[in-house]
file target17.cif (mmCIF, C-alpha atoms)
data_query
loop_
_atom_site.label_atom_id
_atom_site.label_comp_id
_atom_site.auth_asym_id
_atom_site.auth_seq_id
_atom_site.Cartn_x
_atom_site.Cartn_y
_atom_site.Cartn_z
CA CYS A 1 -85.65 79.00 -9.69
CA ALA A 2 -87.35 79.67 -6.37
CA ASN A 3 -88.66 76.15 -6.32
CA THR A 4 -85.18 74.76 -7.01
CA ALA A 5 -83.64 76.79 -4.24
CA GLU A 6 -86.28 75.64 -1.83
CA ARG A 7 -85.74 72.01 -2.87
CA ASP A 8 -81.94 72.30 -2.40
CA ALA A 9 -82.41 73.96 0.95
CA ALA A 10 -84.70 71.12 2.04
CA GLN A 11 -82.18 68.50 0.91
CA ALA A 12 -79.37 70.30 2.72
CA GLU A 13 -81.43 70.36 5.88
CA ASP A 14 -82.10 66.63 5.53
CA ARG A 15 -78.38 65.95 5.15
CA ARG A 16 -77.57 68.08 8.18
CA GLY A 17 -80.14 66.10 10.15
CA ALA A 18 -78.64 62.81 8.98
CA LEU A 19 -75.16 64.07 9.89
CA ARG A 20 -76.31 65.09 13.36
CA GLY A 21 -77.84 61.65 13.81
CA ALA A 22 -74.64 59.93 12.68
CA LEU A 23 -72.59 62.14 15.00
CA ALA A 24 -74.83 61.30 17.90
CA GLU A 25 -74.70 57.58 17.09
CA ALA A 26 -70.86 57.74 16.90
CA GLU A 27 -70.88 59.75 20.09
CA PHE A 28 -69.25 62.82 18.52
CA PRO A 29 -70.55 66.10 20.03
CA ASP A 30 -70.10 68.05 16.84
CA GLU A 31 -68.65 68.05 13.32
CA ALA A 32 -65.30 69.46 14.50
CA SER A 33 -64.81 66.47 16.79
CA ALA A 34 -65.56 64.03 13.96
CA THR A 35 -63.20 65.87 11.61
CA ALA A 36 -60.43 65.73 14.19
CA ALA A 37 -60.89 61.95 14.45
CA LEU A 38 -60.33 61.36 10.73
CA LEU A 39 -57.29 59.06 9.94
CA SER A 40 -54.68 59.44 7.25
CA ALA A 41 -54.52 57.00 4.33
CA PRO A 42 -51.32 55.19 5.59
CA GLU A 43 -52.87 54.79 9.05
CA ILE A 44 -56.03 53.40 7.55
CA LYS A 45 -53.95 50.94 5.51
CA ARG A 46 -52.00 49.88 8.62
CA LEU A 47 -55.16 49.34 10.61
CA ALA A 48 -56.71 47.41 7.73
CA GLN A 49 -53.69 45.10 7.66
CA ALA A 50 -53.87 44.65 11.42
CA VAL A 51 -57.54 43.77 11.12
CA ASP A 52 -56.76 41.29 8.37
CA ALA A 53 -54.01 39.67 10.45
CA HIS A 54 -56.39 39.51 13.42
CA ASP A 55 -59.03 37.86 11.25
CA LYS A 56 -56.52 35.24 10.07
CA GLU A 57 -55.31 34.60 13.61
CA PHE A 58 -58.88 34.35 14.78
CA ALA A 59 -59.63 31.85 12.01
CA GLN A 60 -56.58 29.74 13.02
CA VAL A 61 -57.59 29.87 16.68
CA SER A 62 -61.10 28.83 15.68
CA ARG A 63 -59.70 25.85 13.79
CA ASP A 64 -57.51 24.93 16.76
CA VAL A 65 -60.51 25.19 19.07
CA SER A 66 -62.52 22.98 16.72
CA GLU A 67 -59.68 20.43 16.59
CA LEU A 68 -59.30 20.43 20.36
CA THR A 69 -63.06 20.14 20.78
CA ARG A 70 -63.08 17.14 18.47
CA GLU A 71 -60.21 15.52 20.33
CA LEU A 72 -61.82 16.17 23.71
CA ASP A 73 -65.03 14.59 22.44
CA GLY A 74 -67.12 16.28 25.05
CA LYS A 75 -64.69 15.74 27.89
CA ARG A 76 -63.92 18.56 30.23
CA VAL A 77 -60.38 19.55 31.10
CA THR A 78 -59.88 20.56 34.70
CA ALA A 79 -57.40 23.17 35.81
CA GLU A 80 -55.27 20.41 37.37
CA THR A 81 -55.18 18.44 34.11
CA LEU A 82 -54.34 21.58 32.18
CA ASP A 83 -51.51 22.39 34.57
CA HIS A 84 -50.21 18.85 34.25
CA LEU A 85 -50.34 18.92 30.45
CA GLU A 86 -48.66 22.29 30.42
CA GLY A 87 -45.89 20.83 32.60
CA VAL A 88 -45.54 17.84 30.28
CA ALA A 89 -45.39 20.14 27.28
CA SER A 90 -42.79 22.28 29.00
CA GLU A 91 -40.69 19.20 29.83
CA ARG A 92 -40.95 17.92 26.28
CA GLN A 93 -40.05 21.31 24.90
CA ALA A 94 -37.00 21.38 27.18
CA ALA A 95 -36.10 17.83 26.08
CA HIS A 96 -36.49 18.93 22.48
CA HIS A 97 -34.11 21.84 23.00
CA ASP A 98 -31.70 19.53 24.81
CA ALA A 99 -31.86 17.05 21.92
CA LEU A 100 -31.16 19.87 19.47
CA SER A 101 -28.15 20.90 21.55
CA ARG A 102 -26.87 17.31 21.65
CA HIS A 103 -27.43 16.99 17.92
CA ALA A 104 -25.37 20.13 17.29
CA ALA A 105 -22.65 18.82 19.62
CA GLY A 106 -22.79 15.46 17.82
CA GLU A 107 -22.36 17.17 14.48
CA LYS A 108 -19.25 18.93 15.78
CA GLU A 109 -17.93 15.68 17.24
CA LEU A 110 -18.60 13.91 13.94
CA GLU A 111 -16.59 16.52 12.06
CA ARG A 112 -13.78 16.16 14.59
CA LEU A 113 -13.85 12.36 14.23
CA LYS A 114 -13.74 12.68 10.44
CA GLU A 115 -10.65 14.84 10.77
CA ASP A 116 -9.15 12.29 13.19
CA VAL A 117 -9.88 9.44 10.73
CA ALA A 118 -8.18 11.35 7.92
CA HIS A 119 -5.24 12.05 10.22
CA VAL A 120 -5.05 8.37 11.23
CA ALA A 121 -5.09 7.31 7.57
CA GLU A 122 -2.24 9.71 6.88
CA ILE A 123 -0.29 8.39 9.87
CA ARG A 124 -0.91 4.78 8.75
CA ALA A 125 0.43 5.58 5.30
CA GLN A 126 3.51 7.18 6.85
CA LEU A 127 3.90 4.19 9.19
CA LYS A 128 3.67 1.75 6.28
CA GLU A 129 6.27 3.73 4.36
CA ALA A 130 8.53 3.79 7.42
CA ARG A 131 8.04 0.04 7.97
CA ASP A 132 8.86 -0.66 4.32
CA ARG A 133 12.05 1.39 4.62
CA TRP A 134 12.89 -0.33 7.90
CA ASN A 135 12.34 -3.78 6.38
CA ILE A 136 14.63 -2.90 3.47
CA GLN A 137 17.25 -1.51 5.81
CA ARG A 138 16.99 -4.54 8.10
CA GLN A 139 17.30 -6.89 5.12
CA LEU A 140 20.31 -4.94 3.89
CA ALA A 141 21.82 -5.02 7.37
CA ASP A 142 21.29 -8.78 7.55
CA ASP A 143 22.63 -9.34 4.05
CA LEU A 144 25.65 -7.10 4.59
CA ARG A 145 26.77 -8.75 7.78
CA ASN A 146 30.24 -10.21 7.27
CA ASP A 147 29.20 -13.84 7.34
CA ARG A 148 26.05 -13.53 5.21
CA PHE A 149 27.52 -11.09 2.73
CA GLN A 150 30.57 -13.25 2.22
CA ALA A 151 28.37 -16.31 1.89
CA TRP A 152 26.27 -14.53 -0.74
CA VAL A 153 29.35 -13.39 -2.67
CA LEU A 154 30.87 -16.87 -2.51
CA GLU A 155 27.62 -18.44 -3.64
CA GLU A 156 27.40 -16.09 -6.62
CA ILE A 157 31.02 -16.78 -7.51
CA LEU A 158 30.46 -20.52 -7.17
CA HIS A 159 27.45 -20.42 -9.48
CA SER A 160 29.48 -18.38 -11.96
CA ILE A 161 32.29 -20.97 -11.80
CA VAL A 162 29.78 -23.78 -12.33
CA ARG A 163 28.35 -22.04 -15.42
CA GLY A 164 31.83 -21.59 -16.92
CA ALA A 165 32.86 -25.13 -15.93
CA SER A 166 29.72 -26.49 -17.61
CA GLU A 167 30.84 -25.00 -20.93
CA ARG A 168 34.33 -26.49 -20.46
CA LEU A 169 32.89 -29.90 -19.50
CA ALA A 170 30.69 -29.90 -22.59
CA GLY A 171 33.84 -29.28 -24.68
CA LEU A 172 35.80 -32.04 -22.91
CA THR A 173 33.11 -34.72 -23.06
CA ASN A 174 30.76 -33.69 -25.88
CA ARG A 175 28.12 -35.13 -23.56
CA TYR A 176 27.74 -33.52 -20.16
CA ALA A 177 26.69 -30.11 -18.86
CA LEU A 178 27.09 -29.12 -15.24
CA GLU A 179 24.75 -27.30 -12.87
CA MET A 180 24.37 -26.71 -9.13
CA HIS A 181 21.26 -27.01 -6.98
CA ASN A 182 20.99 -26.87 -3.17
CA ASP A 183 24.78 -27.08 -2.80
CA ASP A 184 24.96 -30.30 -4.86
CA PHE A 185 26.51 -30.74 -8.32
CA TYR A 186 24.41 -32.29 -11.07
CA VAL A 187 25.20 -33.24 -14.65
CA ILE A 188 22.89 -33.08 -17.62
CA ASP A 189 23.46 -36.19 -19.76
CA ASN A 190 22.77 -35.09 -23.34
CA ASP A 191 23.32 -38.64 -24.58
CA ASN A 192 20.40 -39.77 -22.44
CA ALA A 193 17.68 -37.26 -23.45
CA GLY A 194 18.96 -34.56 -21.11
CA GLU A 195 18.70 -36.69 -17.99
CA ARG A 196 19.58 -34.76 -14.82
CA ARG A 197 21.50 -36.76 -12.23
CA ILE A 198 23.77 -36.07 -9.32
CA ALA A 199 27.49 -35.87 -10.09
CA HIS A 200 28.27 -38.74 -7.69
CA THR A 201 26.96 -41.16 -10.32
CA LEU A 202 29.77 -40.28 -12.76
CA SER A 203 32.54 -42.76 -13.46
CA GLY A 204 36.09 -42.11 -12.23
CA GLY A 205 37.21 -40.68 -15.56
CA GLU A 206 34.09 -38.52 -15.91
CA THR A 207 34.49 -37.27 -12.35
CA PHE A 208 38.10 -36.31 -13.09
CA LEU A 209 37.06 -34.39 -16.21
CA THR A 210 34.37 -32.59 -14.24
CA SER A 211 36.87 -31.66 -11.52
CA LEU A 212 39.33 -30.52 -14.17
CA ALA A 213 36.68 -28.29 -15.78
CA LEU A 214 35.92 -26.74 -12.38
CA ALA A 215 39.64 -26.22 -11.64
CA LEU A 216 40.27 -24.57 -15.00
CA GLU A 217 37.28 -22.27 -14.66
CA LEU A 218 38.32 -21.37 -11.12
CA SER A 219 41.76 -20.44 -12.43
CA GLU A 220 40.25 -18.25 -15.13
CA GLN A 221 37.88 -16.47 -12.74
CA VAL A 222 40.60 -15.88 -10.16
CA GLN A 223 42.64 -14.11 -12.82
CA ALA A 224 39.63 -12.19 -14.09
CA ASN A 225 38.74 -10.95 -10.59
CA ALA A 226 42.27 -10.25 -9.39
CA GLY A 227 42.88 -7.16 -11.49
CA ALA A 228 46.44 -6.98 -12.77
CA VAL A 229 47.49 -10.14 -10.90
CA ARG A 230 48.23 -13.07 -13.19
CA LEU A 231 48.31 -16.75 -12.35
CA ASP A 232 51.10 -18.06 -14.54
CA SER A 233 51.27 -21.49 -12.93
CA LEU A 234 48.70 -24.26 -12.49
CA PHE A 235 49.42 -27.60 -10.75
CA ILE A 236 47.19 -30.65 -11.08
CA ASP A 237 47.75 -33.56 -8.70
CA GLU A 238 46.40 -37.13 -8.58
CA GLY A 239 43.36 -38.65 -10.25
CA PHE A 240 45.10 -39.76 -13.41
CA GLY A 241 45.34 -43.38 -12.31
CA THR A 242 41.55 -43.75 -12.59
CA LEU A 243 41.47 -42.80 -16.28
CA ASP A 244 41.16 -45.26 -19.12
CA ALA A 245 43.45 -44.92 -22.12
CA GLU A 246 40.97 -42.93 -24.22
CA THR A 247 40.12 -40.51 -21.41
CA LEU A 248 43.79 -40.19 -20.51
CA ASP A 249 44.55 -39.16 -24.06
CA THR A 250 41.75 -36.59 -23.95
CA VAL A 251 43.05 -35.16 -20.68
CA ALA A 252 46.59 -35.01 -21.99
CA GLY A 253 45.44 -33.01 -25.01
CA VAL A 254 43.57 -30.59 -22.77
CA LEU A 255 46.58 -30.15 -20.47
CA GLU A 256 48.88 -29.51 -23.42
CA SER A 257 46.52 -26.76 -24.63
CA LEU A 258 46.72 -25.03 -21.28
CA THR A 259 50.31 -23.96 -21.90
CA VAL A 260 49.19 -21.63 -24.71
CA GLY A 261 49.77 -17.99 -23.66
CA GLY A 262 52.83 -18.64 -21.56
CA ARG A 263 51.14 -20.37 -18.63
CA MET A 264 53.10 -23.10 -16.89
CA VAL A 265 51.10 -26.22 -16.03
CA GLY A 266 52.55 -28.69 -13.55
CA ILE A 267 51.28 -32.28 -13.59
CA ILE A 268 51.92 -34.49 -10.60
CA THR A 269 51.40 -38.08 -11.74
CA HIS A 270 52.66 -41.64 -11.47
CA ILE A 271 51.42 -42.52 -14.96
CA SER A 272 54.44 -42.86 -17.23
CA GLU A 273 52.30 -42.66 -20.40
CA LEU A 274 51.16 -39.20 -19.35
CA SER A 275 54.54 -37.98 -18.17
CA GLN A 276 56.11 -38.97 -21.49
CA ARG A 277 53.86 -36.48 -23.27
CA LEU A 278 55.07 -33.57 -21.15
CA PRO A 279 57.84 -31.35 -22.62
CA ALA A 280 59.78 -31.10 -19.36
CA ARG A 281 59.81 -33.41 -16.33
CA LEU A 282 61.11 -33.48 -12.79
CA ARG A 283 61.33 -36.93 -11.26
CA VAL A 284 61.17 -37.20 -7.53
CA GLN A 285 63.10 -40.17 -6.13
CA LYS A 286 63.05 -41.27 -2.52
CA GLY A 287 66.05 -43.06 -1.01
CA ALA A 288 67.86 -43.77 2.24
CA GLU A 289 69.67 -40.48 1.98
CA GLY A 290 66.42 -38.54 1.42
CA THR A 291 64.41 -37.28 -1.54
CA LYS A 292 66.14 -36.39 -4.76
CA ILE A 293 64.77 -34.35 -7.65
CA LEU A 294 66.09 -35.43 -11.01
CA ALA A 295 65.57 -33.40 -14.19
CA GLU A 296 64.73 -35.32 -17.37
CA ALA A 297 64.92 -34.07 -20.92
#
call {"tool": "encode", "arguments": {"input": "target17.cif", "output": "structure tokens"}}
result
Amino acid sequence: CANTAERDAAQAEDRRGALRGALAEAEFPDEASATAALLSAPEIKRLAQAVDAHDKEFAQVSRDVSELTRELDGKRVTAETLDHLEGVASERQAAHHDALSRHAAGEKELERLKEDVAHVAEIRAQLKEARDRWNIQRQLADDLRNDRFQAWVLEEILHSIVRGASERLAGLTNRYALEMHNDDFYVIDNDNAGERRIAHTLSGGETFLTSLALALELSEQVQANAGAVRLDSLFIDEGFGTLDAETLDTVAGVLESLTVGGRMVGIITHISELSQRLPARLRVQKGAEGTKILAEA
């Protein structure tokens, strides 16, 4: 046990000597000073992180130095050159910031222009709608002017009369239909494969029948469009002298049928064959003493 104690004492003395040497090397005057300099665990961790960051930064700087050394290829950079390059870099950095500012302003302007384009498209749509309404209103105003509106109404009535007269003409002739095109009358000749020709080419008798069909249809439409007003009298004058015997007989039959329903039909004619078929006659006689009207049974 004495030997062990001596050995431990010797080891302790060696450790105290080593400690004194370490304190001297670290420039601590004594153990109390070294103990006071001890750091806490969080501080040690912070300093370790700082050292690590410094090492990384140092490594990056070393790489940058190596890259610059390679680019310089042994050339030396004077203070004047460095100042110049620093000025160029500063100018370019300022230009870069200016470009970023212009880019941001351009983005705002682009958004504003997009809004303007959308607004213009909306205005164009409204303008088109307004123009369409205006065109309709202008067309209505033109169409409803007294002269044009009356012309349109008369044209529609005339076409309606022609359609009705065509049916009557087909019944009178068993041959012709009537139509109107560009203010001219045409007949459709069903005996000639539906040939369409102008009404001026009709014979005298055919022209009279066509005129009669138009007059009868006009009479019917006047009554139909006059409300409660009735046309109880119809007078037909001239044209009978151009009819052949067969056509005259056809016309006479048609005129006799017109009296059905109480309508009075007056025929003004110089053809005795036609007048003899009428139920009542008034003969007009001119003389030196003036015109006389004689009733005949």
call {"tool": "closest_residue", "arguments": {"input": "target17.cif", "among": "A:Ala165, A:Ala18, A:Ala99, A:Ala170", "to": "Phe185 of chain A", "atoms": "all atoms listed in the file"}}
result
A:Ala165
call {"tool": "closest_residue", "arguments": {"input": "target17.cif", "among": "A:Val222, A:Leu82, A:Ala125, A:Val51", "to": "Ile161 of chain A", "atoms": "all atoms listed in the file"}}
result
A:Val222
call {"tool": "atom_distance", "arguments": {"input": "target17.cif", "atom1": "atom CA of Val65 of chain A", "atom2": "atom CA of Glu91 of chain A"}}
result
23.3 Å
call {"tool": "atom_distance", "arguments": {"input": "target17.cif", "atom1": "atom CA of Gly106 of chain A", "atom2": "atom CA of Gly87 of chain A"}}
result
27.9 Å
call {"tool": "residues_around", "arguments": {"input": "target17.cif", "residues": "Glu217 of chain A", "least_positions_apart": "4", "cutoff": "10 Å", "atoms": "all atoms listed in the file", "output": "PyMOL selection string"}}
result
chain A and resi 160-168+211-213+221-223
call {"tool": "atom_distance", "arguments": {"input": "target17.cif", "atom1": "atom CA of Ala151 of chain A", "atom2": "atom CA of Asp184 of chain A"}}
result
15.9 Å
call {"tool": "closest_residue", "arguments": {"input": "target17.cif", "among": "A:Leu169, A:Val187, A:Leu234, A:Asp244", "to": "Leu209 of chain A", "atoms": "all atoms listed in the file"}}
result
A:Leu169
call {"tool": "closest_residue", "arguments": {"input": "target17.cif", "among": "A:Gln150, A:Arg112, A:Thr173, A:Gln276", "to": "Thr207 of chain A", "atoms": "all atoms listed in the file"}}
result
A:Thr173
call {"tool": "resolve_selection", "arguments": {"input": "target17.cif", "expression": "the PyMOL selection byres ((chain A and resi 265) around 6)", "output": "PDB file with C-alpha atoms, in the frame of the given file"}}
result
ATOM      1  CA  SER A 233      51.270 -21.490 -12.930  1.00  0.00           C
ATOM      2  CA  LEU A 234      48.700 -24.260 -12.490  1.00  0.00           C
ATOM      3  CA  PHE A 235      49.420 -27.600 -10.750  1.00  0.00           C
ATOM      4  CA  MET A 264      53.100 -23.100 -16.890  1.00  0.00           C
ATOM      5  CA  GLY A 266      52.550 -28.690 -13.550  1.00  0.00           C
TER       6      GLY A 266
END
call {"tool": "resolve_selection", "arguments": {"input": "target17.cif", "expression": "the PyMOL selection byres ((chain A and resi 270-272) around 12)", "output": "list in words"}}
result
Asp237, Glu238, Gly239, Phe240, Gly241, Thr242, Leu243, Asp244, Ala245, Leu248, Asp249, Ala252, Ile267, Ile268, Thr269, Glu273, Leu274, Ser275, Gln276, Arg277, Leu278, Arg281, Leu282, Arg283, Val284 and Gln285 of chain A
